[in-house]
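> What follows is my_file-v4.pdb, made up of PDB, C-alpha atoms:
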```
MODEL        1
ATOM      1  CA  MET A 127    -123.720 -67.719 -43.386  1.00  0.00           C
ATOM      2  CA  HIS A 128    -127.479 -67.553 -43.937  1.00  0.00           C
ATOM      3  CA  ILE A 129    -128.597 -64.348 -45.692  1.00  0.00           C
ATOM      4  CA  ARG A 130    -132.017 -63.279 -44.439  1.00  0.00           C
ATOM      5  CA  ALA A 131    -132.183 -59.666 -45.691  1.00  0.00           C
ATOM      6  CA  ILE A 132    -130.373 -57.236 -47.985  1.00  0.00           C
ATOM      7  CA  SER A 133    -129.623 -53.563 -47.394  1.00  0.00           C
ATOM      8  CA  LEU A 134    -128.647 -51.248 -50.217  1.00  0.00           C
ATOM      9  CA  ASP A 135    -127.021 -47.868 -50.555  1.00  0.00           C
ATOM     10  CA  LEU A 136    -128.808 -45.447 -52.904  1.00  0.00           C
ATOM     11  CA  ASP A 137    -126.630 -42.750 -54.536  1.00  0.00           C
ATOM     12  CA  ASP A 138    -124.197 -44.221 -57.075  1.00  0.00           C
ATOM     13  CA  THR A 139    -125.609 -47.663 -56.293  1.00  0.00           C
ATOM     14  CA  LEU A 140    -129.128 -47.414 -57.736  1.00  0.00           C
ATOM     15  CA  TRP A 141    -128.502 -44.260 -59.810  1.00  0.00           C
ATOM     16  CA  PRO A 142    -125.576 -41.926 -60.586  1.00  0.00           C
ATOM     17  CA  ILE A 143    -125.613 -38.946 -58.228  1.00  0.00           C
ATOM     18  CA  GLY A 144    -123.316 -36.555 -60.123  1.00  0.00           C
ATOM     19  CA  PRO A 145    -125.833 -35.593 -62.829  1.00  0.00           C
ATOM     20  CA  VAL A 146    -128.536 -35.179 -60.182  1.00  0.00           C
ATOM     21  CA  ILE A 147    -126.514 -32.676 -58.157  1.00  0.00           C
ATOM     22  CA  GLU A 148    -125.660 -30.726 -61.319  1.00  0.00           C
ATOM     23  CA  ARG A 149    -129.368 -30.460 -62.180  1.00  0.00           C
ATOM     24  CA  VAL A 150    -130.154 -29.425 -58.614  1.00  0.00           C
ATOM     25  CA  GLU A 151    -127.641 -26.582 -58.760  1.00  0.00           C
ATOM     26  CA  ARG A 152    -128.884 -25.362 -62.135  1.00  0.00           C
ATOM     27  CA  SER A 153    -132.544 -25.586 -61.088  1.00  0.00           C
ATOM     28  CA  VAL A 154    -132.051 -23.730 -57.812  1.00  0.00           C
ATOM     29  CA  ASP A 155    -130.062 -21.046 -59.624  1.00  0.00           C
ATOM     30  CA  ALA A 156    -132.774 -20.677 -62.272  1.00  0.00           C
ATOM     31  CA  TRP A 157    -135.442 -20.413 -59.574  1.00  0.00           C
ATOM     32  CA  LEU A 158    -133.446 -17.748 -57.749  1.00  0.00           C
ATOM     33  CA  GLN A 159    -132.940 -15.777 -60.947  1.00  0.00           C
ATOM     34  CA  ALA A 160    -136.691 -15.818 -61.557  1.00  0.00           C
ATOM     35  CA  ASN A 161    -137.806 -15.114 -57.980  1.00  0.00           C
ATOM     36  CA  CYS A 162    -134.879 -13.593 -56.061  1.00  0.00           C
ATOM     37  CA  PRO A 163    -132.601 -12.069 -58.702  1.00  0.00           C
ATOM     38  CA  GLU A 164    -130.530 -10.157 -56.152  1.00  0.00           C
ATOM     39  CA  VAL A 165    -129.669 -13.425 -54.388  1.00  0.00           C
ATOM     40  CA  ALA A 166    -128.886 -15.103 -57.712  1.00  0.00           C
ATOM     41  CA  ARG A 167    -126.500 -12.275 -58.646  1.00  0.00           C
ATOM     42  CA  ALA A 168    -124.750 -12.469 -55.282  1.00  0.00           C
ATOM     43  CA  TRP A 169    -124.551 -16.258 -55.233  1.00  0.00           C
ATOM     44  CA  PRO A 170    -124.031 -17.833 -58.672  1.00  0.00           C
ATOM     45  CA  ILE A 171    -123.683 -21.596 -58.777  1.00  0.00           C
ATOM     46  CA  GLU A 172    -119.958 -21.703 -58.035  1.00  0.00           C
ATOM     47  CA  SER A 173    -120.271 -19.296 -55.114  1.00  0.00           C
ATOM     48  CA  MET A 174    -123.269 -21.129 -53.672  1.00  0.00           C
ATOM     49  CA  ARG A 175    -121.335 -24.391 -53.910  1.00  0.00           C
ATOM     50  CA  ALA A 176    -118.373 -22.829 -52.106  1.00  0.00           C
ATOM     51  CA  LEU A 177    -120.686 -21.479 -49.404  1.00  0.00           C
ATOM     52  CA  ARG A 178    -122.179 -24.935 -48.903  1.00  0.00           C
ATOM     53  CA  ASP A 179    -118.682 -26.395 -48.512  1.00  0.00           C
ATOM     54  CA  LYS A 180    -117.813 -23.653 -46.024  1.00  0.00           C
ATOM     55  CA  VAL A 181    -120.946 -24.368 -43.997  1.00  0.00           C
ATOM     56  CA  ALA A 182    -120.117 -28.065 -43.963  1.00  0.00           C
ATOM     57  CA  SER A 183    -116.562 -27.444 -42.753  1.00  0.00           C
ATOM     58  CA  GLU A 184    -117.734 -25.044 -40.048  1.00  0.00           C
ATOM     59  CA  HIS A 185    -120.405 -27.411 -38.771  1.00  0.00           C
ATOM     60  CA  PRO A 186    -118.985 -30.923 -38.460  1.00  0.00           C
ATOM     61  CA  GLU A 187    -121.900 -31.717 -36.150  1.00  0.00           C
ATOM     62  CA  LEU A 188    -124.091 -31.597 -39.268  1.00  0.00           C
ATOM     63  CA  ALA A 189    -121.925 -33.990 -41.282  1.00  0.00           C
ATOM     64  CA  HIS A 190    -124.722 -36.563 -41.192  1.00  0.00           C
ATOM     65  CA  ASP A 191    -127.495 -34.129 -42.162  1.00  0.00           C
ATOM     66  CA  PHE A 192    -127.270 -32.758 -45.696  1.00  0.00           C
ATOM     67  CA  ALA A 193    -130.748 -31.253 -45.420  1.00  0.00           C
ATOM     68  CA  ALA A 194    -129.682 -29.139 -42.438  1.00  0.00           C
ATOM     69  CA  GLN A 195    -126.505 -28.125 -44.265  1.00  0.00           C
ATOM     70  CA  ARG A 196    -128.497 -27.060 -47.302  1.00  0.00           C
ATOM     71  CA  ARG A 197    -130.977 -25.021 -45.275  1.00  0.00           C
ATOM     72  CA  LEU A 198    -128.184 -23.318 -43.331  1.00  0.00           C
ATOM     73  CA  THR A 199    -126.437 -22.478 -46.603  1.00  0.00           C
ATOM     74  CA  LEU A 200    -129.602 -20.859 -47.951  1.00  0.00           C
ATOM     75  CA  ARG A 201    -130.146 -19.012 -44.670  1.00  0.00           C
ATOM     76  CA  ARG A 202    -126.691 -17.443 -44.944  1.00  0.00           C
ATOM     77  CA  ALA A 203    -127.148 -16.589 -48.611  1.00  0.00           C
ATOM     78  CA  PHE A 204    -130.506 -14.934 -47.966  1.00  0.00           C
ATOM     79  CA  ALA A 205    -129.569 -13.108 -44.754  1.00  0.00           C
ATOM     80  CA  PRO A 206    -128.229  -9.864 -46.332  1.00  0.00           C
ATOM     81  CA  PHE A 207    -131.462  -9.459 -48.295  1.00  0.00           C
ATOM     82  CA  GLN A 208    -133.798  -9.759 -45.308  1.00  0.00           C
ATOM     83  CA  LEU A 209    -135.724 -12.617 -46.852  1.00  0.00           C
ATOM     84  CA  GLY A 210    -137.510 -14.719 -44.258  1.00  0.00           C
ATOM     85  CA  GLU A 211    -137.706 -18.420 -43.569  1.00  0.00           C
ATOM     86  CA  ASP A 212    -140.553 -18.880 -46.030  1.00  0.00           C
ATOM     87  CA  TRP A 213    -138.214 -17.965 -48.890  1.00  0.00           C
ATOM     88  CA  ILE A 214    -135.661 -20.484 -47.615  1.00  0.00           C
ATOM     89  CA  GLU A 215    -138.272 -23.218 -47.548  1.00  0.00           C
ATOM     90  CA  ARG A 216    -139.564 -22.333 -51.022  1.00  0.00           C
ATOM     91  CA  THR A 217    -136.038 -22.523 -52.394  1.00  0.00           C
ATOM     92  CA  TYR A 218    -135.323 -25.734 -50.511  1.00  0.00           C
ATOM     93  CA  ALA A 219    -138.458 -27.254 -52.039  1.00  0.00           C
ATOM     94  CA  VAL A 220    -136.858 -26.828 -55.468  1.00  0.00           C
ATOM     95  CA  TYR A 221    -133.836 -28.717 -54.197  1.00  0.00           C
ATOM     96  CA  VAL A 222    -136.009 -31.555 -52.851  1.00  0.00           C
ATOM     97  CA  GLN A 223    -137.986 -31.876 -56.072  1.00  0.00           C
ATOM     98  CA  VAL A 224    -134.992 -32.051 -58.393  1.00  0.00           C
ATOM     99  CA  ARG A 225    -132.921 -34.127 -55.944  1.00  0.00           C
ATOM    100  CA  ASN A 226    -135.496 -36.878 -56.365  1.00  0.00           C
ATOM    101  CA  GLU A 227    -135.645 -36.727 -60.163  1.00  0.00           C
ATOM    102  CA  VAL A 228    -133.095 -39.475 -60.696  1.00  0.00           C
ATOM    103  CA  GLU A 229    -132.361 -41.707 -63.661  1.00  0.00           C
ATOM    104  CA  CYS A 230    -131.715 -45.198 -62.370  1.00  0.00           C
ATOM    105  CA  TYR A 231    -129.047 -47.446 -63.809  1.00  0.00           C
ATOM    106  CA  ALA A 232    -130.481 -49.783 -66.419  1.00  0.00           C
ATOM    107  CA  ASP A 233    -130.179 -52.798 -64.105  1.00  0.00           C
ATOM    108  CA  THR A 234    -131.770 -51.244 -61.019  1.00  0.00           C
ATOM    109  CA  THR A 235    -135.501 -51.892 -61.272  1.00  0.00           C
ATOM    110  CA  ALA A 236    -135.383 -55.446 -62.585  1.00  0.00           C
ATOM    111  CA  ALA A 237    -132.696 -56.483 -60.106  1.00  0.00           C
ATOM    112  CA  LEU A 238    -134.596 -54.969 -57.170  1.00  0.00           C
ATOM    113  CA  THR A 239    -137.705 -56.859 -58.268  1.00  0.00           C
ATOM    114  CA  ARG A 240    -135.798 -60.143 -58.361  1.00  0.00           C
ATOM    115  CA  MET A 241    -134.118 -59.611 -54.996  1.00  0.00           C
ATOM    116  CA  ALA A 242    -137.269 -58.365 -53.272  1.00  0.00           C
ATOM    117  CA  ALA A 243    -139.054 -61.562 -54.292  1.00  0.00           C
ATOM    118  CA  ARG A 244    -136.648 -63.518 -52.077  1.00  0.00           C
ATOM    119  CA  PHE A 245    -135.442 -61.135 -49.366  1.00  0.00           C
ATOM    120  CA  PRO A 246    -136.687 -58.126 -47.425  1.00  0.00           C
ATOM    121  CA  LEU A 247    -134.850 -55.103 -48.811  1.00  0.00           C
ATOM    122  CA  VAL A 248    -134.019 -51.902 -46.914  1.00  0.00           C
ATOM    123  CA  SER A 249    -132.055 -48.837 -47.949  1.00  0.00           C
ATOM    124  CA  ILE A 250    -129.290 -47.235 -45.888  1.00  0.00           C
ATOM    125  CA  SER A 251    -128.148 -43.850 -47.182  1.00  0.00           C
ATOM    126  CA  ASN A 252    -126.190 -40.817 -46.088  1.00  0.00           C
ATOM    127  CA  GLY A 253    -128.119 -38.742 -48.617  1.00  0.00           C
ATOM    128  CA  THR A 254    -131.557 -37.168 -48.762  1.00  0.00           C
ATOM    129  CA  ALA A 255    -133.181 -39.174 -51.557  1.00  0.00           C
ATOM    130  CA  GLU A 256    -136.805 -40.188 -50.948  1.00  0.00           C
ATOM    131  CA  LEU A 257    -137.725 -43.521 -52.465  1.00  0.00           C
ATOM    132  CA  GLU A 258    -141.445 -42.750 -52.460  1.00  0.00           C
ATOM    133  CA  ARG A 259    -140.892 -39.621 -54.584  1.00  0.00           C
ATOM    134  CA  ILE A 260    -138.592 -41.578 -56.866  1.00  0.00           C
ATOM    135  CA  GLY A 261    -141.040 -44.455 -57.197  1.00  0.00           C
ATOM    136  CA  LEU A 262    -138.881 -47.294 -55.874  1.00  0.00           C
ATOM    137  CA  HIS A 263    -140.378 -47.560 -52.389  1.00  0.00           C
ATOM    138  CA  GLY A 264    -142.464 -50.598 -53.322  1.00  0.00           C
ATOM    139  CA  HIS A 265    -139.326 -52.732 -53.404  1.00  0.00           C
ATOM    140  CA  PHE A 266    -138.276 -51.832 -49.848  1.00  0.00           C
ATOM    141  CA  ARG A 267    -139.566 -52.613 -46.374  1.00  0.00           C
ATOM    142  CA  PHE A 268    -138.267 -49.261 -45.124  1.00  0.00           C
ATOM    143  CA  SER A 269    -135.524 -46.678 -45.615  1.00  0.00           C
ATOM    144  CA  VAL A 270    -132.867 -45.502 -43.172  1.00  0.00           C
ATOM    145  CA  SER A 271    -131.106 -42.156 -43.610  1.00  0.00           C
ATOM    146  CA  ALA A 272    -128.212 -40.588 -41.764  1.00  0.00           C
ATOM    147  CA  GLY A 273    -130.325 -37.505 -41.070  1.00  0.00           C
ATOM    148  CA  GLU A 274    -132.917 -39.678 -39.353  1.00  0.00           C
ATOM    149  CA  VAL A 275    -130.502 -41.743 -37.253  1.00  0.00           C
ATOM    150  CA  GLY A 276    -128.109 -38.916 -36.378  1.00  0.00           C
ATOM    151  CA  VAL A 277    -124.963 -40.639 -37.658  1.00  0.00           C
ATOM    152  CA  ALA A 278    -123.642 -41.377 -41.130  1.00  0.00           C
ATOM    153  CA  LYS A 279    -121.984 -44.371 -42.704  1.00  0.00           C
ATOM    154  CA  PRO A 280    -119.435 -45.792 -42.022  1.00  0.00           C
ATOM    155  CA  SER A 281    -120.590 -45.615 -38.380  1.00  0.00           C
ATOM    156  CA  ALA A 282    -121.790 -49.005 -37.204  1.00  0.00           C
ATOM    157  CA  ASP A 283    -124.748 -47.318 -35.506  1.00  0.00           C
ATOM    158  CA  ILE A 284    -126.639 -46.648 -38.721  1.00  0.00           C
ATOM    159  CA  PHE A 285    -126.222 -50.253 -39.875  1.00  0.00           C
ATOM    160  CA  HIS A 286    -127.257 -51.591 -36.473  1.00  0.00           C
ATOM    161  CA  HIS A 287    -130.314 -49.322 -36.541  1.00  0.00           C
ATOM    162  CA  ALA A 288    -131.432 -50.940 -39.800  1.00  0.00           C
ATOM    163  CA  CYS A 289    -130.808 -54.452 -38.479  1.00  0.00           C
ATOM    164  CA  GLU A 290    -132.747 -53.731 -35.298  1.00  0.00           C
ATOM    165  CA  ARG A 291    -135.712 -52.477 -37.309  1.00  0.00           C
ATOM    166  CA  LEU A 292    -135.529 -55.619 -39.414  1.00  0.00           C
ATOM    167  CA  GLY A 293    -135.306 -57.774 -36.313  1.00  0.00           C
ATOM    168  CA  ILE A 294    -132.387 -59.629 -37.895  1.00  0.00           C
ATOM    169  CA  SER A 295    -128.842 -59.992 -36.561  1.00  0.00           C
ATOM    170  CA  PRO A 296    -126.199 -58.109 -38.590  1.00  0.00           C
ATOM    171  CA  GLU A 297    -124.392 -61.288 -39.649  1.00  0.00           C
ATOM    172  CA  HIS A 298    -127.524 -62.352 -41.546  1.00  0.00           C
ATOM    173  CA  VAL A 299    -127.846 -59.074 -43.483  1.00  0.00           C
ATOM    174  CA  LEU A 300    -125.979 -58.502 -46.753  1.00  0.00           C
ATOM    175  CA  HIS A 301    -125.152 -54.844 -47.443  1.00  0.00           C
ATOM    176  CA  VAL A 302    -124.644 -53.624 -51.021  1.00  0.00           C
ATOM    177  CA  GLY A 303    -122.991 -50.340 -51.907  1.00  0.00           C
ATOM    178  CA  ASP A 304    -120.522 -48.540 -54.144  1.00  0.00           C
ATOM    179  CA  ASP A 305    -118.397 -46.777 -51.513  1.00  0.00           C
ATOM    180  CA  PRO A 306    -115.489 -48.891 -50.231  1.00  0.00           C
ATOM    181  CA  LEU A 307    -115.236 -47.100 -46.902  1.00  0.00           C
ATOM    182  CA  ALA A 308    -118.803 -46.039 -46.151  1.00  0.00           C
ATOM    183  CA  ASP A 309    -120.465 -49.202 -47.435  1.00  0.00           C
ATOM    184  CA  VAL A 310    -118.019 -52.090 -47.339  1.00  0.00           C
ATOM    185  CA  VAL A 311    -115.729 -51.279 -44.415  1.00  0.00           C
ATOM    186  CA  GLY A 312    -118.554 -49.691 -42.434  1.00  0.00           C
ATOM    187  CA  ALA A 313    -120.952 -52.597 -42.872  1.00  0.00           C
ATOM    188  CA  ARG A 314    -118.217 -55.140 -42.239  1.00  0.00           C
ATOM    189  CA  ASP A 315    -117.287 -53.381 -38.985  1.00  0.00           C
ATOM    190  CA  ALA A 316    -120.960 -53.545 -38.009  1.00  0.00           C
ATOM    191  CA  GLY A 317    -120.867 -57.316 -38.406  1.00  0.00           C
ATOM    192  CA  MET A 318    -122.686 -57.523 -41.749  1.00  0.00           C
ATOM    193  CA  ARG A 319    -121.731 -59.317 -44.941  1.00  0.00           C
ATOM    194  CA  THR A 320    -120.841 -57.047 -47.841  1.00  0.00           C
ATOM    195  CA  VAL A 321    -121.057 -56.583 -51.594  1.00  0.00           C
ATOM    196  CA  TRP A 322    -118.946 -53.944 -53.300  1.00  0.00           C
ATOM    197  CA  LEU A 323    -120.833 -52.684 -56.338  1.00  0.00           C
ATOM    198  CA  ASN A 324    -117.873 -51.741 -58.493  1.00  0.00           C
ATOM    199  CA  ARG A 325    -119.472 -50.354 -61.650  1.00  0.00           C
ATOM    200  CA  HIS A 326    -116.322 -48.611 -62.891  1.00  0.00           C
ATOM    201  CA  ALA A 327    -113.643 -51.292 -62.432  1.00  0.00           C
ATOM    202  CA  ALA A 328    -111.874 -49.412 -59.646  1.00  0.00           C
ATOM    203  CA  ALA A 329    -109.037 -50.980 -57.679  1.00  0.00           C
ATOM    204  CA  TRP A 330    -109.681 -52.064 -54.105  1.00  0.00           C
ATOM    205  CA  GLN A 331    -107.480 -50.094 -51.686  1.00  0.00           C
ATOM    206  CA  HIS A 332    -108.504 -51.200 -48.188  1.00  0.00           C
ATOM    207  CA  GLU A 333    -107.288 -54.033 -45.994  1.00  0.00           C
ATOM    208  CA  VAL A 334    -110.810 -55.246 -45.274  1.00  0.00           C
ATOM    209  CA  LYS A 335    -112.208 -56.804 -48.435  1.00  0.00           C
ATOM    210  CA  PRO A 336    -115.840 -57.295 -49.461  1.00  0.00           C
ATOM    211  CA  ASP A 337    -117.377 -60.743 -49.398  1.00  0.00           C
ATOM    212  CA  LEU A 338    -118.447 -60.223 -52.996  1.00  0.00           C
ATOM    213  CA  GLU A 339    -117.563 -57.790 -55.772  1.00  0.00           C
ATOM    214  CA  MET A 340    -120.119 -57.183 -58.510  1.00  0.00           C
ATOM    215  CA  THR A 341    -120.154 -54.967 -61.592  1.00  0.00           C
ATOM    216  CA  ASP A 342    -123.902 -54.294 -61.408  1.00  0.00           C
ATOM    217  CA  LEU A 343    -127.080 -55.346 -59.620  1.00  0.00           C
ATOM    218  CA  ASP A 344    -128.026 -57.858 -62.314  1.00  0.00           C
ATOM    219  CA  ALA A 345    -124.823 -59.736 -61.524  1.00  0.00           C
ATOM    220  CA  LEU A 346    -125.731 -59.781 -57.837  1.00  0.00           C
ATOM    221  CA  ALA A 347    -129.270 -60.990 -58.538  1.00  0.00           C
ATOM    222  CA  ASP A 348    -127.809 -63.736 -60.751  1.00  0.00           C
ATOM    223  CA  TRP A 349    -125.382 -64.767 -58.010  1.00  0.00           C
ATOM    224  CA  LEU A 350    -128.186 -64.947 -55.451  1.00  0.00           C
ATOM    225  CA  ASP A 351    -130.271 -67.064 -57.836  1.00  0.00           C
ATOM    226  CA  ASP A 352    -127.299 -69.389 -58.343  1.00  0.00           C
ATOM    227  CA  HIS A 353    -126.776 -69.743 -54.571  1.00  0.00           C
ATOM    228  CA  PRO A 354    -130.236 -70.462 -53.169  1.00  0.00           C
ATOM    229  CA  GLY A 355    -129.064 -72.563 -50.218  1.00  0.00           C
ATOM    230  CA  PRO A 356    -129.130 -71.448 -46.580  1.00  0.00           C
ATOM    231  CA  ASN A 357    -125.381 -70.712 -46.433  1.00  0.00           C
ATOM    232  CA  PRO A 358    -124.374 -68.996 -49.704  1.00  0.00           C
ATOM    233  CA  LEU A 359    -121.399 -67.232 -48.102  1.00  0.00           C
ATOM    234  CA  PRO A 360    -118.668 -68.905 -46.060  1.00  0.00           C
ATOM    235  CA  CYS A 361    -118.199 -67.806 -42.468  1.00  0.00           C
ATOM    236  CA  PRO A 362    -115.670 -64.957 -42.235  1.00  0.00           C
TER     237      PRO A 362
ENDMDL
END
```
Would you give me this structure, written as structure tokens?

Amino acid sequence: MHIRAISLDLDDTLWPIGPVIERVERSVDAWLQANCPEVARAWPIESMRALRDKVASEHPELAHDFAAQRRLTLRRAFAPFQLGEDWIERTYAVYVQVRNEVECYADTTAALTRMAARFPLVSISNGTAELERIGLHGHFRFSVSAGEVGVAKPSADIFHHACERLGISPEHVLHVGDDPLADVVGARDAGMRTVWLNRHAAAWQHEVKPDLEMTDLDALADWLDDHPGPNPLPCP
């Protein structure tokens, strides 16, 4: 099947997300201690995290929109202190800044450069990362987020949205991601070809299998270089 474009997940595919979220929580807490100490005392990191989880469980309609969840969490935390929307936005700005201070995996930049030289690349993410802030936007034609589309992976709608913007049928788009369900099963159900980026040697536990399994992006770029023909993957 002819590959004409590649879509990539972001968090835990191009960079590890765990350390980023930890820095976000510490930075927001430090900002609150410096600017809204009464809020910081009422909502230490663990309590703020629990409140965010509570907001998420109470608002399944926001499951695709982490930005809305975060703002609603801050709104609830600030409410008893009669701090207005401007304080929420100032605090949220700290979140946005640190959320986009990522440390890419060692293979990310070089592999993106190699792949972008041959294929249009797009990102498809459930998260709130901004490639322009991060400095990777030059590799991509555009980015698609769950908050923008209104649905999250593994819904086929978000994958189809990306394919429609590309002007390429799903069967000619190869999706790359770390999450077996959100990335591999979701993209496969949308009619795309799939690469499971399995950086940690996990075991596959789903009936639907990826077309390819790679340990890192360098390995994928190597495979693409070794299969330059029009039909590098067999028909499913």
> For atom CA of A:Arg201 and atom CA of A:Ile214, quote the distance in Å rounded to one decimal.
6.4 Å
> Take the PyMOL selection byres ((chain A and resi 197) around 10), apply it to the structure above, and return the hits as a count of residues only.
17
> Smallest atom-to-atom distance to A:Ala308: which of A:His332, A:Lys279, A:Arg291, A:His286, using only C-alpha atoms?
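Under the stated criterion, the closest residue is A:Lys279.
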> Please compute the atom CA of A:Arg130-atom CA of A:Lys335 distance, one decimal, in Å.
21.2 Å
> Mind pulling up the distance from atom CA of A:Val275 to atom CA of A:Cys289?
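Between these atoms lies a distance of 12.8 Å.
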> Would you translate the PyMOL selection byres ((chain A and resi 175) around 12) into the concrete set of residues it matches in this file, as a list in words?
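Those residues are Ile147, Glu148, Val150, Glu151, Arg152, Val154, Asp155, Trp169, Pro170, Ile171, Glu172, Ser173, Met174, Ala176, Leu177, Arg178, Asp179, Lys180, Val181, Ala182, Gln195, Arg196, Thr199, Leu200 and Ala203 of chain A.
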> For A:Ala189, list every protein, DNA or RNA residue within 10 Å, evaluated using only C-alpha atoms, and leave out those in the same chain fewer than 3 positions away; present the list as a list in words.
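Once the nearby chain positions are removed, what remains is Ala182, Ser183, Glu184, His185, Pro186, Phe192, Ala194, Gln195, Asn252, Ala272, Gly273, Gly276, Val277 and Ala278 of chain A.
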> N, CA and C atoms are what I want for stretch 285-302 of chain A; can you complete it accordingly and write them as a PDB file, in the frame of the given file?

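Result written to out.pdb:
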```pdb
ATOM      1  N   PHE A 285    -125.972 -48.886 -39.416  1.00  0.00           N
ATOM      2  CA  PHE A 285    -126.222 -50.253 -39.875  1.00  0.00           C
ATOM      3  C   PHE A 285    -126.976 -51.040 -38.811  1.00  0.00           C
ATOM      4  N   HIS A 286    -126.571 -50.885 -37.549  1.00  0.00           N
ATOM      5  CA  HIS A 286    -127.257 -51.591 -36.473  1.00  0.00           C
ATOM      6  C   HIS A 286    -128.702 -51.133 -36.340  1.00  0.00           C
ATOM      7  N   HIS A 287    -128.939 -49.837 -36.581  1.00  0.00           N
ATOM      8  CA  HIS A 287    -130.314 -49.322 -36.541  1.00  0.00           C
ATOM      9  C   HIS A 287    -131.185 -50.060 -37.559  1.00  0.00           C
ATOM     10  N   ALA A 288    -130.671 -50.242 -38.760  1.00  0.00           N
ATOM     11  CA  ALA A 288    -131.432 -50.940 -39.800  1.00  0.00           C
ATOM     12  C   ALA A 288    -131.679 -52.389 -39.402  1.00  0.00           C
ATOM     13  N   CYS A 289    -130.661 -53.045 -38.874  1.00  0.00           N
ATOM     14  CA  CYS A 289    -130.808 -54.452 -38.479  1.00  0.00           C
ATOM     15  C   CYS A 289    -131.821 -54.598 -37.342  1.00  0.00           C
ATOM     16  N   GLU A 290    -131.792 -53.675 -36.399  1.00  0.00           N
ATOM     17  CA  GLU A 290    -132.747 -53.731 -35.298  1.00  0.00           C
ATOM     18  C   GLU A 290    -134.172 -53.561 -35.800  1.00  0.00           C
ATOM     19  N   ARG A 291    -134.371 -52.655 -36.744  1.00  0.00           N
ATOM     20  CA  ARG A 291    -135.712 -52.477 -37.309  1.00  0.00           C
ATOM     21  C   ARG A 291    -136.159 -53.720 -38.077  1.00  0.00           C
ATOM     22  N   LEU A 292    -135.208 -54.378 -38.725  1.00  0.00           N
ATOM     23  CA  LEU A 292    -135.529 -55.619 -39.414  1.00  0.00           C
ATOM     24  C   LEU A 292    -135.812 -56.756 -38.446  1.00  0.00           C
ATOM     25  N   GLY A 293    -135.219 -56.664 -37.254  1.00  0.00           N
ATOM     26  CA  GLY A 293    -135.306 -57.774 -36.313  1.00  0.00           C
ATOM     27  C   GLY A 293    -134.409 -58.929 -36.702  1.00  0.00           C
ATOM     28  N   ILE A 294    -133.311 -58.618 -37.394  1.00  0.00           N
ATOM     29  CA  ILE A 294    -132.387 -59.629 -37.895  1.00  0.00           C
ATOM     30  C   ILE A 294    -130.975 -59.261 -37.455  1.00  0.00           C
ATOM     31  N   SER A 295    -130.213 -60.244 -36.998  1.00  0.00           N
ATOM     32  CA  SER A 295    -128.842 -59.992 -36.561  1.00  0.00           C
ATOM     33  C   SER A 295    -127.980 -59.539 -37.739  1.00  0.00           C
ATOM     34  N   PRO A 296    -127.010 -58.640 -37.487  1.00  0.00           N
ATOM     35  CA  PRO A 296    -126.199 -58.109 -38.590  1.00  0.00           C
ATOM     36  C   PRO A 296    -125.534 -59.174 -39.453  1.00  0.00           C
ATOM     37  N   GLU A 297    -125.101 -60.285 -38.860  1.00  0.00           N
ATOM     38  CA  GLU A 297    -124.392 -61.288 -39.649  1.00  0.00           C
ATOM     39  C   GLU A 297    -125.285 -61.969 -40.682  1.00  0.00           C
ATOM     40  N   HIS A 298    -126.603 -61.768 -40.578  1.00  0.00           N
ATOM     41  CA  HIS A 298    -127.524 -62.352 -41.546  1.00  0.00           C
ATOM     42  C   HIS A 298    -128.033 -61.325 -42.561  1.00  0.00           C
ATOM     43  N   VAL A 299    -127.442 -60.131 -42.553  1.00  0.00           N
ATOM     44  CA  VAL A 299    -127.846 -59.074 -43.483  1.00  0.00           C
ATOM     45  C   VAL A 299    -126.685 -58.792 -44.439  1.00  0.00           C
ATOM     46  N   LEU A 300    -126.974 -58.773 -45.720  1.00  0.00           N
ATOM     47  CA  LEU A 300    -125.979 -58.502 -46.753  1.00  0.00           C
ATOM     48  C   LEU A 300    -126.141 -57.053 -47.195  1.00  0.00           C
ATOM     49  N   HIS A 301    -125.084 -56.249 -47.034  1.00  0.00           N
ATOM     50  CA  HIS A 301    -125.152 -54.844 -47.443  1.00  0.00           C
ATOM     51  C   HIS A 301    -124.469 -54.653 -48.786  1.00  0.00           C
ATOM     52  N   VAL A 302    -125.117 -53.863 -49.656  1.00  0.00           N
ATOM     53  CA  VAL A 302    -124.644 -53.624 -51.021  1.00  0.00           C
ATOM     54  C   VAL A 302    -124.423 -52.134 -51.213  1.00  0.00           C
TER      55      VAL A 302
END
```
